[in-house]
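All remarks here apply to the structure that follows.
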Amino acid sequence: MSIKISSVSYEKGNKKILDDISLEIKSGEVLSVLGPNGAGKSTLLNLISGDISPSKGEIYFDNKNLKDISIQERSFMRSVMAQSQAIVFDFSVKEIIEMGWLDKGLSNYANNFQDALNEIAKETSVTDLLFKKFNVLSGGEQRRVHFARTLLQIWRPSNSLDPIYILLDEPTANLDILHEQKMMKKIRSKASEGIGVMIVLHDINIAAKYSDKIAFIKEGRLEEIGNPSEVLEEDKLSEIYELPMKINEDPYRITY
Amino acid sequence: MSWLLNYFSFIKFSSSRQNFITLILIFFVSLIFFVSISFGSFNFSFLELFNYSETSIQKTVLFEIRIPRVLLAGFVGASLGLSGASLQGLFRNPLADPGLIGVSAGAALGAALVIVLGSTYIPAYIFNTLALPISAVLGAALVISMLYFFTRGFGYQGITYMLLIGIAVNAFASVGIGILTFISTDSELRGLTFWTMGSFGGASWQIIIPALLVIIVSMCWMIPSSRKLDLLQLGEPEAYRLGINVQKLKFKVIVSSAITVGISVSLSGMIGFVGLVVPHLVRLLGGVNHSYLLPASAFLGATLMMTADLFSRLLIAPAELPVGLITSAIGAPFFLWLIFRSRRI
C-alpha cells in the first residue's frame, strides 16, 4: 500500500514550481522532504493532499487515482497538518481537537470517541489544555493541539487494516526541543503501526534521525531520494544548499 | 422517522448545557409571543384569549392584525439572528451583520427599485407577494456576491476591508434610494420611507404566509450545515482537507442569507444590528460552536425582535415608534463596545 506520485509537474502562471517528480510514500515508512526555501516542498504536499491538481502527471492512493476520490473519502484516507490560520472565535482546545473526528464513515467507532480523544491528548501532552480557550495558547501549544487533531482524524481501532497516510508540513515549527522530540517519536511510532508518513522538514538532523527515506527537492526538481545514509553525503548536501557541509559520523551530526 | 433523526444529528455536537439554553430560549419565544399578542393599543387579558368571549372587533384586531404582526416580528428577528450568525461564520469575522455590510441596504434598494419603477405596471396581488420579495432577495444576493468578490473569498485579513465595502454599499444604496425618492410619486414615497426605518405595521396573513414558508424552508436548509461552519473556522484549506466541499457550503450560506434577509427587508424594512448583537449574546451565553449558535440565534433573535416590537407599540401608544429605531438605539452602543473590546485583544 502506498501513495505513488508519478511524473508530476505543477505550473502556476508561466512559472514551473515542480518539474517531473516521481516518488512513493509507503505504508509504515517515514519519508522526509527537504530542500531550500521556495523549492516546492509545500506545493508537493498540497498536490498530494489534493488541494491543487497537478499540471502534468498523476497521483495514486493505493492504485486509485486521486482525481477519482471524493473530497470526503480523501479525508478518511489521509490527514494533513499544514501551516495553520488564526481562529477567530473562542473555541476550546477540546472542540478544536474534536474537529478531527469526522462525522460520517467513522460513526461505527462512535463508542471509541472519548477513549481515542483522551489517549491522543495524553500522547501529545495537551490533556491539561483541553478546557482552555485555544486562542490563549502559545504558538507551540497551538501546534500540538493541531497535531492532536490530525492524529484524531486518522485514529482507527487497533485491528483496522485501512491504509492511512499522514502529511505534515513543518510540524515542529515553534516547538521547544522536548516537544519536538516527543512529536517526532510519535510520528515514528505511527509509522511503525503501518501508517505512511510524508513530512516536510528543515532540520537535516531531525530528518536523519527519524526518517526511513529522505527526498531532496531543489528548484522544483527531485535531486536525491534514498535512505538517510545514502543521500546524506557532504558533496551532495553542499551542492543542494550551496553551503559547505560536513558530516560527523560519531556522534552522527551535521555541522554547518 | 430515520430522516428526522438524521436531520437533527447536528445536535450531538452541542453540549447538554447548550441544549438547555436553547430550550430556555424556546420557552422565552413562546412567552413573549403570548405577552405580545395581549398588549398593544387594544389590550386582551390572557384568560379572555382562551374563553372565546371576545366581541367581533376584538377578534378582528387579534387575529387579523396582532397575531400576523407578532409572527412577522418573530420571524424577521429569527432570520436576522440566524443569517448574522451564519455570515459571521462564513466570513470568519465577528463584525459581519447583514445591516453593517450592506446586505440589507442591497435588499432595500432592490425593493425600492421595484416600488418606484414597477408598482404601476405590476398587479397589486403579485406585487406584494412576489415582485417585492424577489427583487429584495436579488438585491441582497448581489451585495453578498460583491463582498465575496472584493474580499477574495472572505479571508480573515479582509475584516476592515469588508466593513469599508459595507460602508460603500450602504452609501451607494442610499444614493439609489435617494434618487428613487426624488422621482417617486406621493403614494410611492409613502412606501419608500417605510423601508428606511423598519416597521411590522404592514403585516397581513396574505402577505406573510408565503414569506414565512420560504423563510422556514431556508432556515431548515441552513441549520444542518452548522458542523461544516465549525470546521471552516480552521480556514478554508483545512476545512477542505477535512472533507468539506467549501464552495458548496459558501453557496448555501450566501443563498440562504440572501433569501432570509431579502424577504425580511421586503416585509419590514431595514432593521439594524439584530444580526450583530444576537449571535454575540448567544456566544456569551453558551459557546461558539455553530450547532448551538445557529438555532439559538434564531430563537433569541425572535425573542428580542418581538420584545422590540412590543416596546415600539407601547412606548407612545396609540402611535408607534419605528422598530428599527429601537434596535439601533440598543445595537449601536453594543457595536461600539465590541470594537473597543476587539481593540484591546
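For the C-alpha cells, the naming scheme is as follows: chains receive sequential letters (A, B, ...) according to their order of presentation, residues are indexed from 1 within each chain, and ligands are indexed from 1 in presentation order.
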
All residues 7 Å or closer to range 244-252 of chain B, only C-alpha atoms, same chain fewer than 6 positions away omitted, as a list in words =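 In the requested form, the answer reads Ile71 and Gln72 of chain A; Leu90, Met222, Lys228 and Glu236 of chain B.
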
Would you list the contacts of Ile5 in chain A as a PyMOL selection string, taking every protein, DNA or RNA residue within 8 Å and counting only C-alpha atoms, but skipping same-chain residues closer than 2 positions in sequence?
-> chain A and resi 3+7-8+21-24+48+57-60

Minimum-distance residue to Leu281 in chain B, chosen among B:Leu117, B:Ile21, B:Ile144, B:Leu4 (using only C-alpha atoms) = B:Ile21

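Residue list for chain B within 7 Å of chain A: B:Arg92, B:Asn93, B:Leu231, B:Gln233, B:Leu234, B:Gly235, B:Arg241, B:Leu242, B:Gly243, B:Ile244, B:Asn245, B:Val288, counting only C-alpha atoms.
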
Identify all residues of range 125-210 of chain A in strand (DSSP E or B) (DSSP on the backbone) and supply them as a PyMOL selection string.
-> chain A and resi 133+165-169+196-200

Could the residues in this selection be saved with C-alpha atoms as an mmCIF file, in the first residue's frame?
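Output contents, as saved in part_36.cif:
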data_model
loop_
_atom_site.group_PDB
_atom_site.id
_atom_site.type_symbol
_atom_site.label_atom_id
_atom_site.label_comp_id
_atom_site.auth_asym_id
_atom_site.auth_seq_id
_atom_site.Cartn_x
_atom_site.Cartn_y
_atom_site.Cartn_z
ATOM 1 C CA LYS A 133 -9.542 28.539 25.125
ATOM 2 C CA TYR A 165 -1.415 8.347 5.425
ATOM 3 C CA ILE A 166 -0.384 11.456 7.232
ATOM 4 C CA LEU A 167 1.139 14.513 5.567
ATOM 5 C CA LEU A 168 2.945 17.049 7.741
ATOM 6 C CA ASP A 169 4.319 20.457 6.760
ATOM 7 C CA GLY A 196 2.547 6.083 5.671
ATOM 8 C CA VAL A 197 4.138 9.416 6.600
ATOM 9 C CA MET A 198 5.379 12.288 4.493
ATOM 10 C CA ILE A 199 6.938 15.144 6.378
ATOM 11 C CA VAL A 200 8.362 18.425 5.117
#

Extract the full set of alpha helix (DSSP H) residues from range 67-201 of chain B according to DSSP on the backbone, and format it as a ChimeraX atom specification.
-> /B:67-91,103-118,124-126,132-150,159-183,186-197

If we count only C-alpha atoms, what is near Ala108 in chain B at a cut-off of 7 Å, once residues fewer than 2 positions away on the same chain are taken out, given as a ChimeraX atom specification?
-> /B:104-106,110-112,136,195,265-266,269-270

Would you list the contacts of Thr193 in chain B as a ChimeraX atom specification, taking every protein, DNA or RNA residue within 12 Å and counting only C-alpha atoms, but skipping same-chain residues closer than 6 positions in sequence?
-> /B:108,111-112,115,174,177-178,180-182,184,186-187,199,268-270,322

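Taking CA of Leu314 in chain B as the reference point, CA of Ser264 in chain B is found at 22.6 Å.
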
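Between Phe335 in chain B and the residues B:Gly275, B:Pro295, B:Pro224, B:Gly198, the shortest atom-to-atom distance, using only C-alpha atoms, involves B:Gly275.
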
Contacts of Ser79 in chain B within 10 Å, only C-alpha atoms, excl. fewer than 5 positions in-chain, as a list in words =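 The residues that qualify are Ala73, Gly74, Gly84, Ala85, Leu212, Ile215, Ile216, Ser218, Met219, Ser256, Ser257, Ile259, Thr260, Val261, Gly262, Ile263, Ser264, Val274, Gly275, Ser297, Ala298, Phe299, Gly301 and Ala302 of chain B.
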
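For the residues A:Ser27, A:Asn227, A:Ser9, A:Thr172, ranking by smallest atom-to-atom distance to Ile206 in chain A using only C-alpha atoms places A:Thr172 first.
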
Nearest to Asp212 in chain A, chosen from A:Ile225, A:Glu249, A:Arg143, A:Thr43, with only C-alpha atoms counted in the distances | A:Ile225
